[in-house]
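Data block for structure-v3.pdb (PDB, C-alpha atoms):
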ATOM      1  CA  MET X   1     -10.748   8.941  11.812  1.00  0.00           C
ATOM      2  CA  ALA X   2     -13.368   8.203   9.181  1.00  0.00           C
ATOM      3  CA  LEU X   3     -15.024   4.819   9.509  1.00  0.00           C
ATOM      4  CA  ILE X   4     -17.041   4.979   6.307  1.00  0.00           C
ATOM      5  CA  ARG X   5     -14.225   5.338   3.818  1.00  0.00           C
ATOM      6  CA  PRO X   6     -14.108   2.925   0.904  1.00  0.00           C
ATOM      7  CA  ALA X   7     -10.600   1.806   1.853  1.00  0.00           C
ATOM      8  CA  ALA X   8     -11.648   1.084   5.446  1.00  0.00           C
ATOM      9  CA  LEU X   9     -14.699  -0.863   4.343  1.00  0.00           C
ATOM     10  CA  LEU X  10     -12.684  -2.826   1.793  1.00  0.00           C
ATOM     11  CA  LEU X  11     -10.003  -3.694   4.337  1.00  0.00           C
ATOM     12  CA  ALA X  12     -12.688  -4.701   6.840  1.00  0.00           C
ATOM     13  CA  ALA X  13     -14.311  -6.914   4.205  1.00  0.00           C
ATOM     14  CA  GLY X  14     -10.935  -8.526   3.604  1.00  0.00           C
ATOM     15  CA  MET X  15     -10.423  -9.069   7.317  1.00  0.00           C
ATOM     16  CA  ALA X  16     -13.889 -10.567   7.779  1.00  0.00           C
ATOM     17  CA  GLY X  17     -13.799 -12.289   4.407  1.00  0.00           C
ATOM     18  CA  PRO X  18     -13.604 -15.878   5.653  1.00  0.00           C
ATOM     19  CA  ALA X  19     -16.580 -15.337   7.966  1.00  0.00           C
ATOM     20  CA  LEU X  20     -18.575 -13.657   5.213  1.00  0.00           C
ATOM     21  CA  TRP X  21     -17.716 -16.515   2.816  1.00  0.00           C
ATOM     22  CA  ARG X  22     -18.821 -19.108   5.343  1.00  0.00           C
ATOM     23  CA  ALA X  23     -22.067 -17.225   5.933  1.00  0.00           C
ATOM     24  CA  PHE X  24     -23.070 -16.349   2.365  1.00  0.00           C
ATOM     25  CA  VAL X  25     -21.564 -19.120   0.233  1.00  0.00           C
ATOM     26  CA  THR X  26     -21.174 -22.298   2.252  1.00  0.00           C
ATOM     27  CA  GLU X  27     -23.831 -21.366   4.884  1.00  0.00           C
ATOM     28  CA  GLU X  28     -21.761 -22.928   7.692  1.00  0.00           C
ATOM     29  CA  LEU X  29     -22.013 -19.764   9.807  1.00  0.00           C
ATOM     30  CA  ASP X  30     -25.098 -17.779  10.701  1.00  0.00           C
ATOM     31  CA  LEU X  31     -25.492 -14.342   9.171  1.00  0.00           C
ATOM     32  CA  THR X  32     -25.513 -12.515  12.521  1.00  0.00           C
ATOM     33  CA  SER X  33     -22.081 -13.810  13.483  1.00  0.00           C
ATOM     34  CA  ALA X  34     -20.572 -12.960  10.119  1.00  0.00           C
ATOM     35  CA  LEU X  35     -21.966  -9.426  10.085  1.00  0.00           C
ATOM     36  CA  SER X  36     -20.928  -8.818  13.688  1.00  0.00           C
ATOM     37  CA  ARG X  37     -17.373  -9.841  12.753  1.00  0.00           C
ATOM     38  CA  PHE X  38     -17.516  -7.422   9.835  1.00  0.00           C
ATOM     39  CA  LEU X  39     -18.794  -4.624  12.086  1.00  0.00           C
ATOM     40  CA  LEU X  40     -15.954  -5.273  14.533  1.00  0.00           C
ATOM     41  CA  ALA X  41     -13.448  -5.246  11.676  1.00  0.00           C
ATOM     42  CA  VAL X  42     -14.549  -1.797  10.424  1.00  0.00           C
ATOM     43  CA  PRO X  43     -13.146   0.262  13.346  1.00  0.00           C
ATOM     44  CA  ALA X  44     -10.031  -1.915  13.458  1.00  0.00           C
ATOM     45  CA  ALA X  45      -9.424  -1.297   9.757  1.00  0.00           C
ATOM     46  CA  ALA X  46     -10.053   2.438  10.175  1.00  0.00           C
ATOM     47  CA  LEU X  47      -7.517   2.584  13.022  1.00  0.00           C
ATOM     48  CA  MET X  48      -4.909   0.725  10.972  1.00  0.00           C
ATOM     49  CA  LEU X  49      -5.401   3.025   7.988  1.00  0.00           C
ATOM     50  CA  ALA X  50      -5.260   6.113  10.215  1.00  0.00           C
ATOM     51  CA  ALA X  51      -1.965   4.884  11.685  1.00  0.00           C
ATOM     52  CA  LEU X  52      -0.625   4.281   8.197  1.00  0.00           C
ATOM     53  CA  ARG X  53      -1.676   7.781   7.106  1.00  0.00           C
ATOM     54  CA  PHE X  54       0.002   9.262  10.204  1.00  0.00           C
ATOM     55  CA  VAL X  55       3.275   7.448   9.554  1.00  0.00           C
ATOM     56  CA  THR X  56       3.410   8.290   5.857  1.00  0.00           C
ATOM     57  CA  ALA X  57       2.108  11.884   6.114  1.00  0.00           C
ATOM     58  CA  GLY X  58       5.528  13.501   5.755  1.00  0.00           C
ATOM     59  CA  TYR X  59       6.808  11.380   2.881  1.00  0.00           C
ATOM     60  CA  GLY X  60       7.054  13.011  -0.511  1.00  0.00           C
ATOM     61  CA  ARG X  61       6.929  16.566   0.773  1.00  0.00           C
ATOM     62  CA  PRO X  62       9.879  18.792  -0.015  1.00  0.00           C
ATOM     63  CA  GLU X  63      11.965  19.830   2.940  1.00  0.00           C
ATOM     64  CA  PRO X  64      11.299  23.455   3.937  1.00  0.00           C
ATOM     65  CA  ALA X  65      14.034  25.952   3.085  1.00  0.00           C
ATOM     66  CA  PRO X  66      16.020  27.193   6.059  1.00  0.00           C
ATOM     67  CA  ALA X  67      15.044  30.616   7.341  1.00  0.00           C
ATOM     68  CA  ARG X  68      17.319  33.411   6.184  1.00  0.00           C
ATOM     69  CA  ARG X  69      18.859  35.535   8.902  1.00  0.00           C
ATOM     70  CA  ARG X  70      18.774  39.288   8.544  1.00  0.00           C
ATOM     71  CA  VAL X  71      22.148  40.956   8.845  1.00  0.00           C
ATOM     72  CA  ASP X  72      22.431  44.550  10.049  1.00  0.00           C
ATOM     73  CA  ARG X  73      24.677  46.892   8.144  1.00  0.00           C
ATOM     74  CA  SER X  74      26.932  47.341  11.148  1.00  0.00           C
ATOM     75  CA  GLU X  75      27.468  43.574  11.377  1.00  0.00           C
ATOM     76  CA  ALA X  76      28.168  43.343   7.674  1.00  0.00           C
ATOM     77  CA  GLU X  77      30.693  46.185   7.723  1.00  0.00           C
ATOM     78  CA  GLY X  78      32.303  45.090  10.966  1.00  0.00           C
ATOM     79  CA  THR X  79      31.771  48.425  12.746  1.00  0.00           C
ATOM     80  CA  PRO X  80      30.215  48.553  16.190  1.00  0.00           C
ATOM     81  CA  ASP X  81      26.759  50.036  16.703  1.00  0.00           C
ATOM     82  CA  PRO X  82      26.648  53.575  18.074  1.00  0.00           C
ATOM     83  CA  PRO X  83      25.688  53.717  21.743  1.00  0.00           C
ATOM     84  CA  GLY X  84      22.094  54.533  22.637  1.00  0.00           C
TER      85      GLY X  84
END

For this file, produce the structure as structure tokens.
Amino acid sequence: MALIRPAALLLAAGMAGPALWRAFVTEELDLTSALSRFLLAVPAAALMLAALRFVTAGYGRPEPAPARRRVDRSEAEGTPDPPG
């Protein structure tokens, strides 16, 4: 699980967006509270993206071909194997 991925940081910024807006633009919230909410949102966003990657990991991959079974000559001809 990578915490410092651009997607994780962007999702965390979206999750903590209202707090960051209130801290930087309207100044209704102190900077420490807004940044602590962002720092708590980073691992949560990384976990959500990791779960999404886990669920969608198999999509789009071709299905593996079934294994071919080897057939002995005796089975193909219908004659029994010699003893021993």

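Taking atom CA of Leu20 of chain X and atom CA of Ala7 of chain X as the two end points, the separation is 17.7 Å.
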
Q. Could you work out how far atom CA of Val55 of chain X lies from atom CA of Leu39 of chain X, giving the answer in Å with one decimal?
A. 25.3 Å

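Pairwise distance (atom CA of Ala34 of chain X, atom CA of Ala12 of chain X) equals 11.9 Å.
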
Can you tell me, as a compact mmCIF listing (two decimals) with C-alpha atoms, in the coordinates of the input, which residues sit within 10 Å of (-10.0, 1.3, 12.6) in the file's frame, using all atoms listed in the file?
# COMPACT_ATOMS: atom_id res chain seq x y z
CA MET X 1 -10.75 8.94 11.81
CA ALA X 2 -13.37 8.20 9.18
CA LEU X 3 -15.02 4.82 9.51
CA ALA X 8 -11.65 1.08 5.45
CA LEU X 9 -14.70 -0.86 4.34
CA LEU X 11 -10.00 -3.69 4.34
CA ALA X 12 -12.69 -4.70 6.84
CA LEU X 40 -15.95 -5.27 14.53
CA ALA X 41 -13.45 -5.25 11.68
CA VAL X 42 -14.55 -1.80 10.42
CA PRO X 43 -13.15 0.26 13.35
CA ALA X 44 -10.03 -1.92 13.46
CA ALA X 45 -9.42 -1.30 9.76
CA ALA X 46 -10.05 2.44 10.18
CA LEU X 47 -7.52 2.58 13.02
CA MET X 48 -4.91 0.72 10.97
CA LEU X 49 -5.40 3.02 7.99
CA ALA X 50 -5.26 6.11 10.22
CA ALA X 51 -1.96 4.88 11.68

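Minimum atom-to-atom distance to Ala19 of chain X, evaluated using all atoms listed in the file, belongs to X:Leu35 out of X:Leu35, X:Ile4, X:Gly58, X:Arg69.
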
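Residue nearest Ser36 of chain X, chosen from X:Thr56, X:Leu10, X:Arg61, X:Ala23 and counting all atoms listed in the file: X:Ala23.
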
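With only C-alpha atoms taken into account, the protein and nucleic acid residues at most 12 Å from Arg22 of chain X (excluding it and anything under 5 positions from it in its own chain) are Ala16, Gly17, Glu27, Glu28, Leu29, Asp30, Leu31, Thr32, Ser33, Ala34, Leu35 and Arg37 of chain X.
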
Q: Could you tell me which of X:Val25, X:Arg70, X:Ala57, X:Phe38 comes closest to Ala13 of chain X if we count all atoms listed in the file?
A: X:Phe38

Report the centre and edge lengths, in Å to one decimal, of an axis-aligned box enclosing every atom of segment 26-30 of chain X listed in the file, padded by 6 Å on each side, as lines of an AutoDock Vina configuration file.
center_x = -23.1
center_y = -20.4
center_z = 6.5
size_x = 15.9
size_y = 17.1
size_z = 20.4
